[in-house]
$ cat coords.cif   # mmCIF, C-alpha atoms
data_work
loop_
_atom_site.label_atom_id
_atom_site.label_comp_id
_atom_site.auth_asym_id
_atom_site.auth_seq_id
_atom_site.Cartn_x
_atom_site.Cartn_y
_atom_site.Cartn_z
CA MET A 1 27.47 -13.73 6.25
CA LYS A 2 25.21 -15.30 3.66
CA GLU A 3 22.91 -13.03 1.68
CA GLN A 4 20.30 -15.57 0.59
CA ARG A 5 17.64 -16.18 3.18
CA ASN A 6 14.02 -17.15 3.46
CA GLY A 7 11.44 -14.50 2.75
CA LEU A 8 8.89 -13.30 5.28
CA LEU A 9 5.29 -14.46 5.34
CA LEU A 10 3.00 -11.47 5.87
CA VAL A 11 -0.66 -11.89 6.68
CA VAL A 12 -2.89 -8.89 6.13
CA SER A 13 -6.46 -8.68 7.42
CA GLY A 14 -8.93 -5.96 8.29
CA PRO A 15 -12.53 -4.82 7.84
CA SER A 16 -13.87 -4.55 4.30
CA GLY A 17 -13.59 -1.10 2.81
CA VAL A 18 -10.39 -0.04 4.62
CA GLY A 19 -8.28 -0.35 1.47
CA LYS A 20 -6.29 -3.55 2.08
CA GLY A 21 -6.18 -4.43 -1.61
CA THR A 22 -5.01 -0.96 -2.65
CA LEU A 23 -2.28 -0.98 0.00
CA VAL A 24 -1.02 -4.43 -0.93
CA LYS A 25 -0.97 -3.46 -4.62
CA ALA A 26 0.97 -0.24 -3.88
CA LEU A 27 3.41 -2.15 -1.66
CA MET A 28 4.07 -4.72 -4.38
CA GLU A 29 4.57 -2.08 -7.07
CA ARG A 30 7.34 -0.60 -4.96
CA ASN A 31 8.93 -3.88 -3.87
CA SER A 32 9.77 -6.57 -6.39
CA ARG A 33 10.74 -9.01 -3.64
CA ILE A 34 7.13 -9.31 -2.48
CA LYS A 35 4.67 -11.75 -4.00
CA THR A 36 1.06 -12.53 -3.25
CA SER A 37 0.00 -16.12 -2.98
CA VAL A 38 -2.21 -17.65 -5.64
CA SER A 39 -5.34 -19.09 -4.04
CA ALA A 40 -7.06 -22.31 -5.05
CA THR A 41 -10.81 -22.15 -5.65
CA THR A 42 -13.71 -24.29 -6.80
CA ARG A 43 -15.45 -21.41 -8.52
CA ALA A 44 -15.38 -21.26 -12.32
CA PRO A 45 -12.78 -19.06 -14.03
CA ARG A 46 -14.11 -15.70 -15.20
CA PRO A 47 -13.22 -14.48 -18.70
CA GLY A 48 -9.51 -13.66 -18.85
CA GLU A 49 -8.58 -15.49 -15.64
CA ILE A 50 -5.64 -17.84 -16.05
CA ASP A 51 -5.09 -21.02 -14.03
CA GLY A 52 -1.98 -20.69 -11.86
CA ILE A 53 -1.87 -16.90 -12.27
CA HIS A 54 -5.16 -15.59 -10.88
CA TYR A 55 -6.24 -18.79 -9.15
CA PHE A 56 -5.57 -22.49 -9.15
CA PHE A 57 -8.94 -23.69 -10.43
CA LYS A 58 -9.98 -26.99 -8.85
CA THR A 59 -13.00 -29.24 -8.86
CA GLU A 60 -14.67 -29.71 -5.51
CA GLU A 61 -13.26 -33.25 -5.39
CA GLU A 62 -9.72 -32.04 -6.07
CA PHE A 63 -10.10 -29.28 -3.46
CA LYS A 64 -11.40 -31.67 -0.80
CA GLY A 65 -8.52 -34.03 -1.56
CA MET A 66 -6.08 -31.17 -0.94
CA VAL A 67 -7.87 -30.39 2.34
CA ASP A 68 -7.59 -34.03 3.43
CA ARG A 69 -3.88 -34.12 2.61
CA GLY A 70 -3.26 -30.94 4.66
CA GLU A 71 -2.16 -29.03 1.59
CA PHE A 72 -3.77 -25.75 2.67
CA LEU A 73 -2.41 -23.19 5.10
CA GLU A 74 -6.04 -22.09 5.48
CA TYR A 75 -9.23 -22.40 3.50
CA ILE A 76 -12.81 -21.21 3.68
CA HIS A 77 -16.09 -22.49 2.38
CA VAL A 78 -18.27 -19.52 1.44
CA PHE A 79 -22.01 -19.22 0.88
CA GLY A 80 -22.39 -22.98 1.31
CA SER A 81 -20.95 -23.59 -2.15
CA LYS A 82 -17.49 -22.37 -3.21
CA TYR A 83 -14.15 -23.10 -1.57
CA TYR A 84 -11.12 -20.81 -1.41
CA GLY A 85 -7.76 -21.80 0.06
CA THR A 86 -4.07 -20.89 0.33
CA PRO A 87 -1.89 -23.77 -0.92
CA ARG A 88 0.99 -24.40 1.45
CA THR A 89 3.51 -25.63 -1.17
CA PHE A 90 3.23 -22.52 -3.34
CA VAL A 91 3.85 -20.24 -0.34
CA GLU A 92 6.73 -22.32 1.00
CA GLN A 93 8.42 -22.38 -2.39
CA GLN A 94 8.29 -18.59 -2.76
CA LEU A 95 9.64 -18.13 0.77
CA SER A 96 12.52 -20.55 0.20
CA GLU A 97 13.45 -18.62 -2.95
CA GLY A 98 13.78 -15.52 -0.77
CA TYR A 99 10.55 -13.78 -1.78
CA ASP A 100 8.34 -12.22 0.86
CA VAL A 101 4.80 -13.54 0.50
CA ILE A 102 1.74 -11.54 1.44
CA LEU A 103 -1.62 -13.15 2.15
CA GLU A 104 -4.74 -11.03 2.27
CA ILE A 105 -7.12 -13.18 4.31
CA ASP A 106 -9.80 -12.92 6.99
CA VAL A 107 -9.16 -13.09 10.73
CA GLN A 108 -10.03 -16.80 11.02
CA GLY A 109 -7.64 -17.62 8.16
CA ALA A 110 -4.96 -15.47 9.77
CA MET A 111 -5.19 -17.43 13.03
CA LYS A 112 -4.80 -20.71 11.10
CA VAL A 113 -1.76 -19.41 9.23
CA LYS A 114 -0.16 -18.27 12.50
CA GLN A 115 -0.62 -21.80 13.88
CA ALA A 116 0.90 -23.42 10.80
CA PHE A 117 3.62 -20.75 10.46
CA PRO A 118 4.50 -19.24 13.84
CA ASP A 119 7.05 -17.00 12.08
CA ALA A 120 4.33 -15.27 10.04
CA VAL A 121 3.94 -11.53 10.63
CA LEU A 122 0.30 -10.59 11.20
CA ILE A 123 -0.75 -7.08 10.23
CA PHE A 124 -4.20 -5.66 10.88
CA ILE A 125 -5.16 -2.87 8.50
CA THR A 126 -7.94 -0.53 9.53
CA ALA A 127 -9.43 2.94 9.09
CA PRO A 128 -8.66 5.80 11.52
CA SER A 129 -11.86 5.27 13.57
CA MET A 130 -15.11 3.31 13.76
CA SER A 131 -17.08 6.27 12.42
CA GLU A 132 -14.68 6.42 9.47
CA ILE A 133 -15.26 2.70 8.81
CA LYS A 134 -19.01 3.34 8.79
CA SER A 135 -18.67 6.36 6.45
CA ARG A 136 -16.58 4.30 4.05
CA LEU A 137 -19.17 1.49 4.05
CA ILE A 138 -22.01 4.00 3.43
CA GLY A 139 -19.90 5.90 0.88
CA ARG A 140 -19.62 2.86 -1.36
CA GLY A 141 -23.35 3.26 -1.99
CA THR A 142 -23.66 -0.36 -3.06
CA GLU A 143 -25.51 -1.61 0.00
CA THR A 144 -28.73 -1.05 1.92
CA MET A 145 -28.47 0.46 5.42
CA GLU A 146 -29.26 -2.98 6.80
CA GLN A 147 -26.30 -4.46 4.92
CA VAL A 148 -24.10 -1.57 6.06
CA GLU A 149 -25.08 -2.22 9.70
CA LYS A 150 -24.28 -5.91 9.25
CA ARG A 151 -20.88 -5.21 7.72
CA PHE A 152 -20.19 -2.64 10.44
CA ALA A 153 -20.95 -5.21 13.15
CA THR A 154 -18.62 -7.67 11.39
CA ALA A 155 -15.92 -4.97 11.23
CA PHE A 156 -16.17 -4.50 14.98
CA GLU A 157 -15.89 -8.28 15.57
CA GLU A 158 -12.74 -8.26 13.41
CA ILE A 159 -11.25 -5.29 15.28
CA LYS A 160 -11.63 -7.21 18.53
CA MET A 161 -9.07 -9.67 17.12
CA ILE A 162 -6.35 -6.98 17.01
CA PRO A 163 -4.54 -8.37 20.08
CA HIS A 164 -3.80 -11.54 18.06
CA TYR A 165 -1.98 -9.48 15.44
CA ASP A 166 1.60 -8.21 15.59
CA TYR A 167 0.94 -4.79 14.08
CA VAL A 168 -1.91 -2.35 13.46
CA VAL A 169 -1.61 -0.11 10.43
CA VAL A 170 -4.12 2.71 10.19
CA ASN A 171 -4.82 3.48 6.56
CA ASP A 172 -5.35 7.22 6.76
CA MET A 173 -3.12 8.37 3.90
CA ILE A 174 -2.09 5.60 1.54
CA ASP A 175 1.56 6.65 1.13
CA LYS A 176 2.01 6.78 4.88
CA ALA A 177 0.37 3.39 5.34
CA VAL A 178 2.54 1.81 2.61
CA HIS A 179 5.58 3.31 4.32
CA HIS A 180 4.50 1.67 7.61
CA LEU A 181 4.22 -1.70 5.84
CA GLU A 182 7.69 -1.28 4.34
CA ALA A 183 9.11 -0.34 7.74
CA ILE A 184 7.49 -3.41 9.30
CA LEU A 185 9.10 -5.63 6.65
CA GLU A 186 12.51 -4.03 7.12
CA ALA A 187 12.31 -4.17 10.92
CA GLU A 188 11.13 -7.80 10.91
CA ARG A 189 14.19 -8.76 8.86
CA CYS A 190 16.31 -7.35 11.73
CA ARG A 191 14.39 -9.32 14.42
CA THR A 192 16.75 -11.29 16.66
CA GLY A 193 14.64 -14.41 16.25
CA ARG A 194 15.19 -14.39 12.48
CA SER A 195 18.87 -13.52 12.62
CA ALA A 196 21.59 -16.08 12.00
CA TYR A 197 24.19 -13.63 13.28
CA LEU A 198 24.95 -15.34 16.61
CA THR A 199 25.10 -18.84 15.09
CA GLU A 200 27.45 -17.62 12.37
CA ALA A 201 29.63 -15.71 14.85
CA ILE A 202 30.00 -18.87 16.94
CA GLU A 203 30.89 -20.88 13.83
CA GLU A 204 33.42 -18.25 12.81
CA ILE A 205 35.06 -18.14 16.23
CA GLY A 206 35.11 -21.93 16.32
CA ARG A 207 37.25 -22.03 13.18
CA MET B 1 -7.76 9.01 17.62
CA LYS B 2 -5.35 11.04 19.72
CA GLU B 3 -2.05 12.07 18.17
CA GLN B 4 -0.05 12.68 21.33
CA ARG B 5 1.48 9.55 22.75
CA ASN B 6 4.45 8.42 24.74
CA GLY B 7 7.75 8.12 22.94
CA LEU B 8 9.69 4.89 22.59
CA LEU B 9 12.64 3.97 24.76
CA LEU B 10 15.41 2.54 22.58
CA VAL B 11 18.41 0.81 24.06
CA VAL B 12 21.44 0.42 21.83
CA SER B 13 24.39 -1.81 22.69
CA GLY B 14 27.14 -3.60 20.82
CA PRO B 15 30.88 -4.26 20.77
CA SER B 16 33.21 -1.27 20.82
CA GLY B 17 34.35 -0.12 17.42
CA VAL B 18 31.18 -1.09 15.52
CA GLY B 19 30.09 2.54 15.13
CA LYS B 20 27.20 2.81 17.62
CA GLY B 21 27.92 6.46 18.38
CA THR B 22 28.10 7.43 14.70
CA LEU B 23 24.83 5.64 13.96
CA VAL B 24 23.01 7.24 16.88
CA LYS B 25 24.30 10.67 15.87
CA ALA B 26 23.18 10.17 12.23
CA LEU B 27 19.78 8.91 13.40
CA MET B 28 19.25 11.96 15.61
CA GLU B 29 20.31 14.38 12.90
CA ARG B 30 17.54 12.99 10.70
CA ASN B 31 14.87 12.72 13.40
CA SER B 32 14.10 15.64 15.68
CA ARG B 33 11.74 13.50 17.78
CA ILE B 34 14.64 11.44 19.15
CA LYS B 35 16.66 12.48 22.18
CA THR B 36 19.54 10.86 23.99
CA SER B 37 19.45 10.67 27.73
CA VAL B 38 21.80 12.79 29.81
CA SER B 39 23.83 10.56 32.14
CA ALA B 40 24.80 11.37 35.69
CA THR B 41 28.45 10.92 36.64
CA THR B 42 30.83 11.45 39.52
CA ARG B 43 33.73 12.34 37.26
CA ALA B 44 34.80 15.97 37.01
CA PRO B 45 33.52 18.11 34.11
CA ARG B 46 36.01 18.52 31.27
CA PRO B 47 36.53 21.99 29.77
CA GLY B 48 33.40 23.05 27.91
CA GLU B 49 31.12 20.42 29.45
CA ILE B 50 27.89 21.86 30.82
CA ASP B 51 25.94 20.39 33.73
CA GLY B 52 22.55 19.13 32.54
CA ILE B 53 23.61 19.15 28.89
CA HIS B 54 26.58 16.80 28.62
CA TYR B 55 26.20 15.19 32.03
CA PHE B 56 24.55 15.73 35.36
CA PHE B 57 27.68 16.17 37.47
CA LYS B 58 27.27 14.69 40.96
CA THR B 59 29.43 14.11 43.99
CA GLU B 60 29.85 10.49 45.01
CA GLU B 61 27.57 11.12 47.97
CA GLU B 62 24.85 12.60 45.78
CA PHE B 63 25.20 9.74 43.30
CA LYS B 64 24.95 7.08 46.01
CA GLY B 65 21.90 8.83 47.40
CA MET B 66 20.27 8.60 43.97
CA VAL B 67 21.17 4.91 43.80
CA ASP B 68 19.60 4.31 47.22
CA ARG B 69 16.40 6.11 46.21
CA GLY B 70 16.13 4.00 43.03
CA GLU B 71 16.55 7.04 40.80
CA PHE B 72 18.60 5.23 38.15
CA LEU B 73 17.36 3.01 35.35
CA GLU B 74 20.86 1.55 35.37
CA TYR B 75 24.28 2.62 36.59
CA ILE B 76 27.84 1.35 36.50
CA HIS B 77 30.85 1.83 38.67
CA VAL B 78 33.93 1.83 36.46
CA PHE B 79 37.59 1.28 37.25
CA GLY B 80 36.77 1.15 40.96
CA SER B 81 36.30 4.91 41.07
CA LYS B 82 33.82 6.77 38.86
CA TYR B 83 30.07 6.20 38.61
CA TYR B 84 27.87 6.65 35.53
CA GLY B 85 24.10 6.25 35.51
CA THR B 86 20.90 6.90 33.57
CA PRO B 87 18.47 8.97 35.66
CA ARG B 88 14.96 7.55 35.45
CA THR B 89 13.07 10.86 35.82
CA PHE B 90 14.82 12.54 32.91
CA VAL B 91 14.01 9.60 30.60
CA GLU B 92 10.40 9.32 31.76
CA GLN B 93 9.83 13.04 31.26
CA GLN B 94 11.10 12.97 27.67
CA LEU B 95 8.97 9.90 26.89
CA SER B 96 5.82 11.48 28.36
CA GLU B 97 6.43 14.54 26.20
CA GLY B 98 6.34 12.23 23.17
CA TYR B 99 10.08 12.15 22.44
CA ASP B 100 11.76 8.87 21.64
CA VAL B 101 14.75 8.38 23.93
CA ILE B 102 17.83 6.44 22.93
CA LEU B 103 20.25 5.01 25.47
CA GLU B 104 23.67 3.83 24.35
CA ILE B 105 24.66 1.45 27.13
CA ASP B 106 26.41 -1.87 27.71
CA VAL B 107 24.69 -5.26 27.77
CA GLN B 108 24.39 -5.38 31.57
CA GLY B 109 22.80 -1.93 31.61
CA ALA B 110 20.46 -2.95 28.80
CA MET B 111 19.19 -5.92 30.80
CA LYS B 112 18.50 -3.64 33.80
CA VAL B 113 16.61 -1.15 31.62
CA LYS B 114 14.50 -3.96 30.14
CA GLN B 115 13.58 -5.06 33.67
CA ALA B 116 12.61 -1.52 34.72
CA PHE B 117 10.97 -0.72 31.35
CA PRO B 118 9.58 -3.88 29.72
CA ASP B 119 8.37 -1.73 26.80
CA ALA B 120 11.93 -0.71 25.89
CA VAL B 121 13.15 -1.75 22.46
CA LEU B 122 16.58 -3.39 22.62
CA ILE B 123 18.78 -3.10 19.55
CA PHE B 124 22.14 -4.82 19.19
CA ILE B 125 24.49 -3.09 16.77
CA THR B 126 27.37 -5.05 15.37
CA ALA B 127 29.81 -5.39 12.47
CA PRO B 128 29.18 -7.82 9.57
CA SER B 129 31.38 -10.58 11.04
CA MET B 130 33.75 -11.45 13.87
CA SER B 131 36.77 -11.00 11.59
CA GLU B 132 35.46 -7.54 10.69
CA ILE B 133 35.17 -6.69 14.40
CA LYS B 134 38.78 -7.76 14.88
CA SER B 135 39.97 -5.73 11.86
CA ARG B 136 38.20 -2.65 13.16
CA LEU B 137 39.80 -3.08 16.60
CA ILE B 138 43.24 -3.51 15.03
CA GLY B 139 42.58 -0.69 12.54
CA ARG B 140 42.13 1.84 15.32
CA GLY B 141 45.85 1.42 16.02
CA THR B 142 45.45 2.71 19.56
CA GLU B 143 45.92 -0.59 21.36
CA THR B 144 48.46 -3.36 21.81
CA MET B 145 47.63 -6.79 20.36
CA GLU B 146 47.00 -7.98 23.92
CA GLN B 147 44.42 -5.21 24.41
CA VAL B 148 42.90 -6.02 21.02
CA GLU B 149 42.55 -9.70 22.01
CA LYS B 150 40.93 -8.68 25.29
CA ARG B 151 38.45 -6.38 23.57
CA PHE B 152 37.74 -9.04 20.98
CA ALA B 153 36.96 -11.60 23.70
CA THR B 154 34.66 -9.03 25.34
CA ALA B 155 32.97 -8.41 21.96
CA PHE B 156 32.23 -12.12 21.66
CA GLU B 157 30.77 -12.22 25.18
CA GLU B 158 28.53 -9.30 24.23
CA ILE B 159 27.43 -10.99 20.99
CA LYS B 160 26.31 -14.01 23.00
CA MET B 161 23.70 -11.70 24.58
CA ILE B 162 21.97 -11.12 21.21
CA PRO B 163 19.03 -13.43 22.08
CA HIS B 164 18.09 -10.97 24.85
CA TYR B 165 17.74 -8.17 22.29
CA ASP B 166 14.76 -7.48 20.04
CA TYR B 167 16.75 -6.56 16.94
CA VAL B 168 20.20 -7.00 15.42
CA VAL B 169 21.42 -4.24 13.13
CA VAL B 170 24.57 -4.98 11.16
CA ASN B 171 26.48 -1.77 10.56
CA ASP B 172 27.93 -2.49 7.15
CA MET B 173 27.03 0.73 5.35
CA ILE B 174 26.03 3.54 7.65
CA ASP B 175 23.09 4.84 5.56
CA LYS B 176 21.61 1.36 5.37
CA ALA B 177 22.06 0.81 9.11
CA VAL B 178 20.43 4.17 9.94
CA HIS B 179 17.55 3.22 7.66
CA HIS B 180 17.16 -0.06 9.59
CA LEU B 181 16.99 1.90 12.86
CA GLU B 182 14.36 4.24 11.42
CA ALA B 183 12.33 1.28 10.16
CA ILE B 184 12.51 -0.34 13.61
CA LEU B 185 11.21 2.86 15.21
CA GLU B 186 8.38 3.18 12.70
CA ALA B 187 7.41 -0.50 12.97
CA GLU B 188 7.50 -0.45 16.78
CA ARG B 189 5.04 2.46 16.77
CA CYS B 190 2.65 0.14 14.86
CA ARG B 191 3.06 -2.74 17.36
CA THR B 192 -0.27 -4.04 18.60
CA GLY B 193 0.94 -3.91 22.19
CA ARG B 194 1.53 -0.16 21.94
CA SER B 195 -1.65 0.63 20.04
CA ALA B 196 -4.65 2.24 21.70
CA TYR B 197 -6.76 1.47 18.61
CA LEU B 198 -8.88 -1.33 20.10
CA THR B 199 -9.54 0.54 23.35
CA GLU B 200 -10.56 3.65 21.47
CA ALA B 201 -12.76 1.68 19.05
CA ILE B 202 -14.59 0.10 22.00
CA GLU B 203 -15.04 3.53 23.61
CA GLU B 204 -16.32 4.93 20.33
CA ILE B 205 -18.82 2.09 19.82
CA GLY B 206 -19.90 2.42 23.45
CA ARG B 207 -20.98 6.02 22.81
#

$ encode --input "coords.cif" --output "structure tokens"
Amino acid sequence: MKEQRNGLLLVVSGPSGVGKGTLVKALMERNSRIKTSVSATTRAPRPGEIDGIHYFFKTEEEFKGMVDRGEFLEYIHVFGSKYYGTPRTFVEQQLSEGYDVILEIDVQGAMKVKQAFPDAVLIFITAPSMSEIKSRLIGRGTETMEQVEKRFATAFEEIKMIPHYDYVVVNDMIDKAVHHLEAILEAERCRTGRSAYLTEAIEEIGR
Amino acid sequence: MKEQRNGLLLVVSGPSGVGKGTLVKALMERNSRIKTSVSATTRAPRPGEIDGIHYFFKTEEEFKGMVDRGEFLEYIHVFGSKYYGTPRTFVEQQLSEGYDVILEIDVQGAMKVKQAFPDAVLIFITAPSMSEIKSRLIGRGTETMEQVEKRFATAFEEIKMIPHYDYVVVNDMIDKAVHHLEAILEAERCRTGRSAYLTEAIEEIGR
């Protein structure tokens, strides 16, 4: 049986403040086979940011050209000004080299990726309860109560999308949540739909 | 969020000689939450076998009565004489107490369990290749070449059923295969379809 195979495309979403970034970082530190995608953006590079490493920096014209040519798995246009997108080629190349690729994107982006890549594994990361989500939003202390209420309402809208995801991971203790993510990766590699076992057995018997 | 929840029903099948029994035993030794089901049979107890522990020993009349009352998840009638079956109540009781239950049954039985229990997780255990399956059958040294060929043909028929299973676990190294089984269990507990997260979030917000 051949060892080399395509990596898995993982899509991670969830309300802000539930620790998606921390989880993804911890997962990647423990698994060298996992890569994040590099997004394209029209915003200016900040000091220290390197093109092709932190982002692919594009002019608005370049970005729109990529959109027209269908070169994005998903993209968003935020605050009426800047664009962010996930370039399809970069992701496909990593996958074909056998790396698992993880995308941390919003629920709308996740739905688009699932359409473009039906094999993608969609994971919703959340806090143990709604009250915990609210505490975490308040605990950040960076927003007014009005902003907290708005973010909380958004969080609830996102949670309603859970049925469109394959897995829900509750980020209660980070080690436990990372372990869940690792188990999901390992289990997904054993999924019948991804296995070449039957095809190869038939080929072998046919010899 | 409530901690207590139903266990998972795992169904394990695969060609003879691939080490299903060894894997299941190793998995159970490492996980106290997993139980195997106790089968009912019409064969006589062997020395040391205890009713309700090793088997539920039944007369043919009792067994047929259970069949008629739909008390089996699946049953087989082997060699034209003895019956073996998986009692539904026993399995359901373990699951409702939060234990995961593992059934080691053949492909026909697995299909029946999936019908009765659509939530069951079906895992196909096999050896790395068809030639490896043949070597293992020959290596046992307990059968004639004719019997080996017959078992090998049966193995191939079983392998053709892989698309009806959720997962394929290749038993190459036992520790690795047990780890795959554990990952499948952990991942399945995170499956959206089994999660009460959304329902509970809606209840919480409704308060």

$ resolve_selection --input "coords.cif" --expression "the PyMOL selection byres ((chain A and resi 67-83) around 7)" --output "list of chain:residue names"
A:Thr41, A:Thr42, A:Arg43, A:Phe63, A:Lys64, A:Gly65, A:Met66, A:Tyr84, A:Gly85, A:Thr86, A:Pro87, A:Arg88, A:Gly109, A:Lys112, A:Val113, A:Ala116

$ closest_residue --input "coords.cif" --among "A:Ile202, A:Leu185, A:Cys190, A:Val169" --to "Val18 (chain A)" --atoms "all atoms listed in the file"
A:Val169

$ resolve_selection --input "coords.cif" --expression "the PyMOL selection byres ((chain A and resi 90-106) around 7)" --output "VMD selection string"
chain A and resid 4 to 13 33 to 37 87 to 89 107 to 110

$ closest_residue --input "coords.cif" --among "A:Asp172, A:Glu204, A:Glu158, A:Glu182" --to "Ser16 (chain A)" --atoms "only C-alpha atoms"
A:Glu158

$ interface_residues --input "coords.cif" --of "chain B" --to "chain A" --cutoff "9 Å" --atoms "all atoms listed in the file" --output "ChimeraX atom specification"
/B:1,123-124,128-131,156,159-170,179-193,195,197-198,200-202,204-205

$ atom_distance --input "coords.cif" --atom1 "CA of Ala155 (chain A)" --atom2 "CA of Asp119 (chain A)"
25.9 Å

$ atom_distance --input "coords.cif" --atom1 "CA of Lys134 (chain B)" --atom2 "CA of Gln147 (chain B)"
11.4 Å
